[in-house]
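Take a look at the structure below.
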Amino acid sequence: MEIQKKTTEKTLYDYQIEDLNTIFKHLDEEKSGNLLYQLPTGGGKTVVFSEIAKRYIKQNNKKVIVLTHRIELSVQTSKMLNGFGVNNKIINSGVKELHDQDEYMCFVAMVETLNNRLQEEKIEINNIGLVIIDEAHYNSFRKLFKYFENSTILGVTATPLSSNIKLPMKDNYQKLIIGESITSLIEKKFLAKANMYNYDVSLQSLKLGINGDYTVKSSDELYGNHNMLGKLINAYNEIAKGTKTLIFNNGINTSIYVYETFKKAGYNIRHLDNKNTASERKEILSWFSETPGAILTSVSILTTGFDEPSVETIILNRATRSLTLYFQMIGRGSRVLPNKDEFTVIDMGNNVARFGMWNAPVDWQEIFHFPDFYLENIKNDEDIEREFVYEMPPALRAEFSKSTEIEFDIKKEYKKIFAQGLRSKVVLERSIEQHAQICVENAEDVFDARILAKQLKDEIAYRVRQYSYCIMNNTKNYKEWLEEDYERRLRSSISKKFAAKM
C-alpha cells in the first residue's frame with residue numbers, strides 16, 4: 001500500500017496536499033480537459049486520489065469511478081477509500097447488474113469487467129463526474145473512454161509513457177501534473193535510497209518483439225544458460241547474501257532455472273508466476289513476508305499491486321526497454337521501515353546504462369509531449385557494451401593482492417600495435433601474458449594459478465569483446481571461439497612460467 005501515516009488518521013503530507021490543490025485548480029477550470037498526474041512508486045498515489053474522490057464528491061455532488069487493471073489493486077483501492085470515509089462498491093466479475101447504485105457515490109471497477117458490463121448494457125452508472133485511472137500508462141483503459149465523454153478523466157501513474165509507442169498518452173490527456181521527485185522523497189525519508197550494482201552482460205543475442213521489448217524466448221535462452229545463472233548466483237553471493245531478495249525475470253523457464261540453481265546451492269528460495277493459483281500465491285507471499293533472508297524469483301507479476309516493505313535486495317535478472325517496468329521493478333524495494341532506509345539493486349541487464357540511475361532527474365513533460373523522440377533515443381545494446389568499463393570486484397581483487405598492476409587497456413594497446421604495424425593478435429598475446437603474470441605472482445603452484453585464471457572469466461570476456469570492436473569482427477561465434485582460445489593459451493602460459501621457475 002502507499003505511504004501514509006496511521007490508517008486511522010489519513011493525514012496527507014505537505015507535498016501530497018500541494019499536488020491535490022494543483023489538481024483541483026485544473027479540475028475547477030472550465031474546459032481543462034483530461035489530466036494526468038505523475039508521482040513515483042511509493043509516493044502515495046492511492047492516498048492522493050482517495051482524498052481527491054472524497055473532496056470531489058463533497059464539492060460537486062457527482063459520482064466518482066476508480067478504474068484499475070488488476071483485482072488486487074481494486075481491493076487495495078477500495079480499502080483505502082473506505083479509510084477516507086468514501087463509501088464505495090467494487091464492480092468485479094460477480095457484479096452483473098447495479099440495482100443499488102444510488103446507495104454509492106463511488107465505484108471501483110476492473111477495466112475488463114466494466115467494459116463487458118457496459119457493452120452488454122447491463123450497467124449504466126448515472127451522474128459520473130470524475131473517472132480516476134490507476135496505472136494509467138496501460139492501454140487497456142482506452143476502450144472505456146468513449147463511455148465517459150461527459151466526465152473528466154484523471155490518470156495517475158509513476159511513468160507517463162504509454163506502454164505502446166503507437167498510442168501516446170498525450171492523445172488522451174491534455175495536461176500533465178508532475179509530483180515530487182524520487183530524490184526529494186528519499187531526502188524527506190519517504191523512500192529508501194538505492195545502492196546500485198551493475199554487471200556487464202552481453203545482450204546481443206536478445207531479440208525485440210512486436211511490443212518493443214525483448215522477447216521471452218530470446219531472454220530465456222540467454223538468462224537460462226549455465227554461464228548467466230553462474231553470474232547471477234555469484235552476484236548474489238558477492239553483494240546480497242542473507243538479505244531478503246526479489247528476483248525479476250522475463251520468462252517462466254528462467255525463473256524456474258533460477259529457483260533450481262539457488263535451491264541446489266542451499267538457499268531458501270521460492271518461485272512464483274501467473275500460473276500459481278490465488279491460494280498458492282497468497283501462501284508464497286506470506287512465506288516471503290515472514291521469512292528473514294527469503295529469496296523470491298518471479299516473472300513480472302509483482303511489479304504492481306504488490307507491497308512488501310521488508311525487501312532488501314532487488315535483482316533485475318532481465319533486460320527491458322520499458323522505462324515503466326524499470327521504475328516498477330526497482331520501486332518494489334524502495335519502501336522505508338524504521339530500520340530500513342537503504343536497499344540494494346543488482347542489475348544484470350544493462351538497464352541502468354539504458355535508462356540512467358533510478359533516482360536521476362527525469363524530464364517527464366518532455367517524455368509526455370515527445371514520446372517518439374524519447375523512445376528513439378534510448379541507448380542501444382551495442383553502444384552500452386562499447387562504453388562499459390570492467391572493474392574487478394573487491395573480493396576478486398583481494399585474490400591478486402601481490403600484484404600492483406592488474407589493469408590492461410585493450411584499446412590503447414591496439415592503437416600502439418597498429419601504429420607499429422604489428423599483427424592485431426599481438427594485443428591478445430600481451431593481454432594473456434599480463435593475466436598469466438598476475439596469476440603466477442599470487443599462487444603457490446601451477447594448480448592455484450589455474451584456479452585464479454578461472455576466476456578471470458568475466459574480465460577475459462570483456463577484453464575479448466573490446467578486441468573484437470577494435471578489429472570490427474563482433475560476431476557471437478567469433479567471440480566465443482576467441483574466449484576459449486584465450487583461456488587455453490592462458491593455461492599454457494601459466495604452465496610455462498612455472499616450468500621456467502623450476
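In the C-alpha cells, chains take the letters A, B, ... in the order shown, each chain's residues start at 1, and ligands count up from 1 in the order shown.
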Which residues of stretch 218-267 of chain A come within 10 Å of stretch 344-351 of chain A, and what is each one's closest atom pair and distance in Å (one decimal), counting only C-alpha atoms, sorted by chain and residue number, as a Markdown table?
```
| residue | atom | partner | partner_atom | distance |
| --- | --- | --- | --- | --- |
| A:Tyr223 | CA | A:Met348 | CA | 9.4 |
| A:Met228 | CA | A:Met348 | CA | 9.0 |
| A:Lys231 | CA | A:Met348 | CA | 8.7 |
| A:Leu232 | CA | A:Met348 | CA | 7.6 |
| A:Ala235 | CA | A:Ile346 | CA | 7.6 |
| A:Tyr236 | CA | A:Ile346 | CA | 8.2 |
| A:Ile239 | CA | A:Ile346 | CA | 8.2 |
| A:Ala240 | CA | A:Thr344 | CA | 7.5 |
| A:Thr243 | CA | A:Thr344 | CA | 9.3 |
| A:Thr245 | CA | A:Thr344 | CA | 9.1 |
| A:Leu246 | CA | A:Val345 | CA | 9.8 |
| A:Ile247 | CA | A:Ile346 | CA | 9.3 |
```
Resulting file, chosen residues, C-alpha atoms, as a PDB file, in the first residue's frame:
```
ATOM      1  CA  TYR A 223      19.355 -15.943 -18.898  1.00  0.00           C
ATOM      2  CA  MET A 228      24.393 -16.461 -16.799  1.00  0.00           C
ATOM      3  CA  LYS A 231      26.948 -14.980 -12.899  1.00  0.00           C
ATOM      4  CA  LEU A 232      23.646 -14.388 -11.068  1.00  0.00           C
ATOM      5  CA  ALA A 235      26.454 -11.542  -7.845  1.00  0.00           C
ATOM      6  CA  TYR A 236      24.050 -12.559  -5.068  1.00  0.00           C
ATOM      7  CA  ILE A 239      26.549  -8.338  -2.733  1.00  0.00           C
ATOM      8  CA  ALA A 240      23.277  -9.609  -1.289  1.00  0.00           C
ATOM      9  CA  THR A 243      19.200 -10.374   2.515  1.00  0.00           C
ATOM     10  CA  THR A 245      15.703 -10.702  -2.166  1.00  0.00           C
ATOM     11  CA  LEU A 246      13.249 -10.329  -5.027  1.00  0.00           C
ATOM     12  CA  ILE A 247      14.482 -11.548  -8.438  1.00  0.00           C
TER      13      ILE A 247
END
```
Write out as number ranges by chain the residues lying within 10 Å of stretch 293-295 of chain A, counting only C-alpha atoms and excluding same-chain residues fewer than 4 positions away.
A: 240-247, 259, 262, 267-271, 287-289, 310-314
With C-alpha atoms retained, could you export that selection as a PDB file, in the first residue's frame?
```
ATOM      1  CA  ALA A 240      23.277  -9.609  -1.289  1.00  0.00           C
ATOM      2  CA  LYS A 241      23.912 -12.831   0.607  1.00  0.00           C
ATOM      3  CA  GLY A 242      21.478 -13.269   3.513  1.00  0.00           C
ATOM      4  CA  THR A 243      19.200 -10.374   2.515  1.00  0.00           C
ATOM      5  CA  LYS A 244      15.509 -10.643   1.626  1.00  0.00           C
ATOM      6  CA  THR A 245      15.703 -10.702  -2.166  1.00  0.00           C
ATOM      7  CA  LEU A 246      13.249 -10.329  -5.027  1.00  0.00           C
ATOM      8  CA  ILE A 247      14.482 -11.548  -8.438  1.00  0.00           C
ATOM      9  CA  TYR A 259      14.923 -21.414  -8.416  1.00  0.00           C
ATOM     10  CA  PHE A 262      19.673 -21.356  -5.779  1.00  0.00           C
ATOM     11  CA  TYR A 267      19.315 -21.186  -0.369  1.00  0.00           C
ATOM     12  CA  ASN A 268      15.759 -20.670   0.912  1.00  0.00           C
ATOM     13  CA  ILE A 269      14.006 -19.738  -2.338  1.00  0.00           C
ATOM     14  CA  ARG A 270      10.515 -19.979  -3.884  1.00  0.00           C
ATOM     15  CA  HIS A 271       9.266 -19.393  -7.445  1.00  0.00           C
ATOM     16  CA  TRP A 287       6.121 -17.062   3.429  1.00  0.00           C
ATOM     17  CA  PHE A 288       8.242 -14.364   1.743  1.00  0.00           C
ATOM     18  CA  SER A 289       6.972 -11.690   4.135  1.00  0.00           C
ATOM     19  CA  SER A 310      10.914  -5.726   4.120  1.00  0.00           C
ATOM     20  CA  VAL A 311      12.541  -6.410   0.701  1.00  0.00           C
ATOM     21  CA  GLU A 312      16.253  -5.568   0.990  1.00  0.00           C
ATOM     22  CA  THR A 313      17.541  -6.506  -2.467  1.00  0.00           C
ATOM     23  CA  ILE A 314      16.078  -6.284  -5.964  1.00  0.00           C
TER      24      ILE A 314
END
```
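Counting only C-alpha atoms, the residue from A:Val156, A:Val66, A:Ile132, A:Gly33 that sits nearest to A:Lys45 is A:Val156.
Residues of stretch 79-218 of chain A carrying a DSSP assignment of alpha helix (DSSP H), computed from the backbone, are Lys79, Met80, Leu81, Asn82, Gly83, Val111, Glu112, Thr113, Leu114, Asn115, Asn116, Arg117, Leu118, Gln119, Ile182, Thr183, Ser184, Leu185, Ile186, Glu187, Val216, Lys217 and Ser218 of chain A.
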What does the file look like for those residues with N, CA and C atoms, as a PDB file, in the first residue's frame?
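New file selection27.pdb:
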```pdb
ATOM      1  N   LYS A  79     -10.279  -0.441  -0.038  1.00  0.00           N
ATOM      2  CA  LYS A  79      -9.953  -0.324   1.402  1.00  0.00           C
ATOM      3  C   LYS A  79      -9.479   1.083   1.728  1.00  0.00           C
ATOM      4  N   MET A  80      -8.611   1.628   0.859  1.00  0.00           N
ATOM      5  CA  MET A  80      -8.079   2.971   1.097  1.00  0.00           C
ATOM      6  C   MET A  80      -9.196   4.005   1.063  1.00  0.00           C
ATOM      7  N   LEU A  81     -10.111   3.879   0.100  1.00  0.00           N
ATOM      8  CA  LEU A  81     -11.249   4.814   0.011  1.00  0.00           C
ATOM      9  C   LEU A  81     -12.118   4.733   1.263  1.00  0.00           C
ATOM     10  N   ASN A  82     -12.348   3.508   1.743  1.00  0.00           N
ATOM     11  CA  ASN A  82     -13.115   3.338   2.992  1.00  0.00           C
ATOM     12  C   ASN A  82     -12.424   4.053   4.144  1.00  0.00           C
ATOM     13  N   GLY A  83     -11.086   3.960   4.162  1.00  0.00           N
ATOM     14  CA  GLY A  83     -10.293   4.626   5.207  1.00  0.00           C
ATOM     15  C   GLY A  83     -10.467   6.138   5.179  1.00  0.00           C
ATOM     16  N   VAL A 111     -11.060  -2.865 -15.249  1.00  0.00           N
ATOM     17  CA  VAL A 111     -11.309  -2.363 -16.596  1.00  0.00           C
ATOM     18  C   VAL A 111     -12.056  -3.381 -17.468  1.00  0.00           C
ATOM     19  N   GLU A 112     -11.621  -4.647 -17.465  1.00  0.00           N
ATOM     20  CA  GLU A 112     -12.253  -5.649 -18.344  1.00  0.00           C
ATOM     21  C   GLU A 112     -13.698  -5.913 -17.926  1.00  0.00           C
ATOM     22  N   THR A 113     -13.912  -6.050 -16.614  1.00  0.00           N
ATOM     23  CA  THR A 113     -15.265  -6.327 -16.112  1.00  0.00           C
ATOM     24  C   THR A 113     -16.222  -5.192 -16.488  1.00  0.00           C
ATOM     25  N   LEU A 114     -15.795  -3.967 -16.225  1.00  0.00           N
ATOM     26  CA  LEU A 114     -16.670  -2.822 -16.505  1.00  0.00           C
ATOM     27  C   LEU A 114     -16.942  -2.721 -18.007  1.00  0.00           C
ATOM     28  N   ASN A 115     -15.912  -2.950 -18.802  1.00  0.00           N
ATOM     29  CA  ASN A 115     -16.080  -2.888 -20.260  1.00  0.00           C
ATOM     30  C   ASN A 115     -17.126  -3.909 -20.724  1.00  0.00           C
ATOM     31  N   ASN A 116     -17.042  -5.128 -20.186  1.00  0.00           N
ATOM     32  CA  ASN A 116     -18.013  -6.174 -20.547  1.00  0.00           C
ATOM     33  C   ASN A 116     -19.433  -5.764 -20.165  1.00  0.00           C
ATOM     34  N   ARG A 117     -19.589  -5.248 -18.938  1.00  0.00           N
ATOM     35  CA  ARG A 117     -20.928  -4.875 -18.465  1.00  0.00           C
ATOM     36  C   ARG A 117     -21.504  -3.713 -19.298  1.00  0.00           C
ATOM     37  N   LEU A 118     -20.653  -2.752 -19.628  1.00  0.00           N
ATOM     38  CA  LEU A 118     -21.124  -1.597 -20.415  1.00  0.00           C
ATOM     39  C   LEU A 118     -21.485  -2.032 -21.833  1.00  0.00           C
ATOM     40  N   GLN A 119     -20.704  -2.953 -22.394  1.00  0.00           N
ATOM     41  CA  GLN A 119     -21.003  -3.465 -23.745  1.00  0.00           C
ATOM     42  C   GLN A 119     -22.315  -4.241 -23.763  1.00  0.00           C
ATOM     43  N   ILE A 182      11.826  11.386  -7.071  1.00  0.00           N
ATOM     44  CA  ILE A 182      12.358  10.292  -6.245  1.00  0.00           C
ATOM     45  C   ILE A 182      13.418  10.836  -5.283  1.00  0.00           C
ATOM     46  N   THR A 183      14.326  11.670  -5.788  1.00  0.00           N
ATOM     47  CA  THR A 183      15.395  12.231  -4.947  1.00  0.00           C
ATOM     48  C   THR A 183      14.821  12.981  -3.752  1.00  0.00           C
ATOM     49  N   SER A 184      13.794  13.796  -4.019  1.00  0.00           N
ATOM     50  CA  SER A 184      13.170  14.573  -2.949  1.00  0.00           C
ATOM     51  C   SER A 184      12.505  13.650  -1.925  1.00  0.00           C
ATOM     52  N   LEU A 185      11.840  12.587  -2.402  1.00  0.00           N
ATOM     53  CA  LEU A 185      11.179  11.639  -1.488  1.00  0.00           C
ATOM     54  C   LEU A 185      12.204  10.870  -0.649  1.00  0.00           C
ATOM     55  N   ILE A 186      13.392  10.636  -1.226  1.00  0.00           N
ATOM     56  CA  ILE A 186      14.474   9.978  -0.456  1.00  0.00           C
ATOM     57  C   ILE A 186      14.979  10.941   0.621  1.00  0.00           C
ATOM     58  N   GLU A 187      15.219  12.189   0.221  1.00  0.00           N
ATOM     59  CA  GLU A 187      15.719  13.204   1.180  1.00  0.00           C
ATOM     60  C   GLU A 187      14.741  13.405   2.342  1.00  0.00           C
ATOM     61  N   VAL A 216      10.433 -13.081 -24.736  1.00  0.00           N
ATOM     62  CA  VAL A 216      10.616 -14.046 -23.646  1.00  0.00           C
ATOM     63  C   VAL A 216      11.535 -15.176 -24.120  1.00  0.00           C
ATOM     64  N   LYS A 217      11.332 -15.616 -25.372  1.00  0.00           N
ATOM     65  CA  LYS A 217      12.115 -16.744 -25.913  1.00  0.00           C
ATOM     66  C   LYS A 217      13.607 -16.420 -25.897  1.00  0.00           C
ATOM     67  N   SER A 218      13.987 -15.247 -26.444  1.00  0.00           N
ATOM     68  CA  SER A 218      15.421 -14.910 -26.507  1.00  0.00           C
ATOM     69  C   SER A 218      15.970 -14.636 -25.098  1.00  0.00           C
TER      70      SER A 218
END
```
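Our summary of the geometry notes that atom CA of A:Ile52 is positioned 24.3 Å from atom CA of A:Thr324.
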Secondary structure check, strand (DSSP E) residues of stretch 129-316 of chain A, as a PyMOL selection string:
chain A and resi 129-134+152-157+175-178+193-198+245-249+269-272+295-299+313-316
For C-alpha atoms, I'd like the residues from the last selection saved as a JSON list (two decimals), in the first residue's frame.
```
[["chain", "number", "residue", "atom", "x", "y", "z"],
["A", 129, "GLY", "CA", -18.34, 13.47, -12.86],
["A", 130, "LEU", "CA", -14.80, 12.12, -12.41],
["A", 131, "VAL", "CA", -13.08, 8.96, -13.63],
["A", 132, "ILE", "CA", -9.76, 8.17, -11.88],
["A", 133, "ILE", "CA", -7.48, 5.71, -13.70],
["A", 134, "ASP", "CA", -4.78, 3.99, -11.64],
["A", 152, "THR", "CA", -13.35, 14.45, -16.56],
["A", 153, "ILE", "CA", -10.67, 11.77, -16.59],
["A", 154, "LEU", "CA", -7.74, 11.86, -14.16],
["A", 155, "GLY", "CA", -4.99, 9.36, -14.99],
["A", 156, "VAL", "CA", -2.46, 8.52, -12.27],
["A", 157, "THR", "CA", 0.92, 6.91, -12.97],
["A", 175, "LYS", "CA", -2.18, 18.23, -19.25],
["A", 176, "LEU", "CA", 0.47, 16.53, -17.14],
["A", 177, "ILE", "CA", 0.94, 17.46, -13.46],
["A", 178, "ILE", "CA", 4.31, 16.42, -12.02],
["A", 193, "LYS", "CA", 17.98, 5.04, -1.03],
["A", 194, "ALA", "CA", 19.05, 2.55, -3.71],
["A", 195, "ASN", "CA", 22.63, 1.23, -3.79],
["A", 196, "MET", "CA", 23.08, 0.16, -7.41],
["A", 197, "TYR", "CA", 25.45, -2.54, -8.73],
["A", 198, "ASN", "CA", 25.79, -3.21, -12.46],
["A", 245, "THR", "CA", 15.70, -10.70, -2.17],
["A", 246, "LEU", "CA", 13.25, -10.33, -5.03],
["A", 247, "ILE", "CA", 14.48, -11.55, -8.44],
["A", 248, "PHE", "CA", 12.70, -10.36, -11.61],
["A", 249, "ASN", "CA", 12.97, -12.48, -14.77],
["A", 269, "ILE", "CA", 14.01, -19.74, -2.34],
["A", 270, "ARG", "CA", 10.52, -19.98, -3.88],
["A", 271, "HIS", "CA", 9.27, -19.39, -7.45],
["A", 272, "LEU", "CA", 6.06, -17.52, -8.35],
["A", 295, "ILE", "CA", 14.55, -15.24, -1.90],
["A", 296, "LEU", "CA", 11.59, -15.00, -4.28],
["A", 297, "THR", "CA", 12.11, -15.46, -8.02],
["A", 298, "SER", "CA", 9.27, -14.42, -10.29],
["A", 299, "VAL", "CA", 8.24, -13.16, -13.68],
["A", 313, "THR", "CA", 17.54, -6.51, -2.47],
["A", 314, "ILE", "CA", 16.08, -6.28, -5.96],
["A", 315, "ILE", "CA", 17.80, -8.27, -8.72],
["A", 316, "LEU", "CA", 16.93, -7.33, -12.30]]
```
Nearest residue to A:Ala449 out of A:Trp481, A:Phe498, A:Tyr462, A:Tyr467, using only C-alpha atoms?
A:Phe498
Distance query A:Gln204 at most 12 Å, only C-alpha atoms, self and fewer than 5 positions along chain excluded, as a compact mmCIF listing (two decimals) with C-alpha atoms, in the first residue's frame:
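In the end it all went to around07.txt:
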```
# COMPACT_ATOMS: atom_id res chain seq x y z
CA TYR A 214 12.84 -8.15 -25.59
CA SER A 218 15.42 -14.91 -26.51
CA SER A 219 15.55 -13.86 -22.81
CA GLU A 221 17.86 -18.62 -23.98
CA LEU A 222 20.29 -16.01 -22.61
CA ALA A 319 16.85 -6.59 -19.68
CA GLY A 349 20.53 -6.44 -17.88
CA ASN A 350 22.39 -3.15 -18.56
CA ASN A 380 21.06 0.54 -27.94
CA ASP A 381 22.80 -2.51 -26.50
CA GLU A 382 25.90 -2.33 -28.67
CA ASP A 383 26.61 1.26 -27.57
CA ILE A 384 26.10 0.28 -23.92
CA GLU A 385 28.53 -2.62 -24.30
CA ARG A 386 31.13 -0.46 -26.05
CA ARG A 465 34.85 -8.01 -26.68
CA ASN A 474 31.86 -8.66 -33.41
CA THR A 475 30.06 -11.89 -34.27
CA LYS A 476 28.93 -14.12 -31.40
CA ASN A 477 30.67 -17.28 -32.72
CA LYS A 479 33.98 -14.01 -29.76
```
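Remark: for A:Asn172, the closest of the candidate residues A:Pro160, A:Pro40, A:Gly224, A:Pro309 is A:Pro160 (distances computed over only C-alpha atoms).
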For A:Val440, find every residue with an atom within 8 Å (counting only C-alpha atoms), except residues of its own chain fewer than 3 positions away, and show them as a PyMOL selection string.
chain A and resi 436-437+443-446+449+494+497-498
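Note that the spacing between atom CA of A:Cys106 and atom CA of A:Ile65 amounts to 5.6 Å.
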Just the residues within 12 Å of stretch 74-76 of chain A, please, counting only C-alpha atoms, with nothing from its chain fewer than 2 positions along; format it as a PyMOL selection string.
chain A and resi 1-2+46-47+50+65-72+78-83+88-93+107-111+113+133-135+304-307
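Minimum atom-to-atom distances from A:Pro361, A:Lys379, A:Lys412, A:Gly230 to A:Lys457 were compared using only C-alpha atoms, and the lowest value belongs to A:Gly230.
In this model, the gap between atom CA of A:Ser424 and atom CA of A:Lys496 comes to 23.3 Å.
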Find the residues near A:Leu20: any atom within 9 Å, counting only C-alpha atoms, skip ones fewer than 6 places away on the same chain, and give them as a PyMOL selection string.
chain A and resi 48-49+51-52
Keeping N, CA and C atoms for every residue in the selection just given, could you write it to a file as an mmCIF file, in the first residue's frame?
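Written file, selection_2.cif:
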```
data_model
loop_
_atom_site.group_PDB
_atom_site.id
_atom_site.type_symbol
_atom_site.label_atom_id
_atom_site.label_comp_id
_atom_site.auth_asym_id
_atom_site.auth_seq_id
_atom_site.Cartn_x
_atom_site.Cartn_y
_atom_site.Cartn_z
ATOM 1 N N VAL A 48 -3.481 10.061 -2.387
ATOM 2 C CA VAL A 48 -3.856 11.331 -3.028
ATOM 3 C C VAL A 48 -5.191 11.202 -3.753
ATOM 4 N N PHE A 49 -5.340 10.143 -4.580
ATOM 5 C CA PHE A 49 -6.598 10.100 -5.340
ATOM 6 C C PHE A 49 -7.801 9.698 -4.479
ATOM 7 N N GLU A 51 -8.272 10.997 -1.465
ATOM 8 C CA GLU A 51 -8.660 12.322 -0.952
ATOM 9 C C GLU A 51 -9.329 13.144 -2.058
ATOM 10 N N ILE A 52 -8.847 12.978 -3.303
ATOM 11 C CA ILE A 52 -9.465 13.684 -4.436
ATOM 12 C C ILE A 52 -10.920 13.230 -4.582
#
```
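If you count only C-alpha atoms and ignore residues fewer than 4 places along the chain from A:Ile417, what sits within 12 Å of it is A:Ile410, A:Lys411, A:Lys412, A:Glu413, A:Gly421, A:Leu422, A:Arg423, A:Ser424, A:Lys425, A:Val426, A:Val427, A:Leu428, A:Glu429, A:Arg430, A:Cys470.
Remark: for A:Thr404, the closest of the candidate residues A:Gln420, A:Asn442, A:Ser140, A:Asn21 is A:Asn442 (distances computed over only C-alpha atoms).
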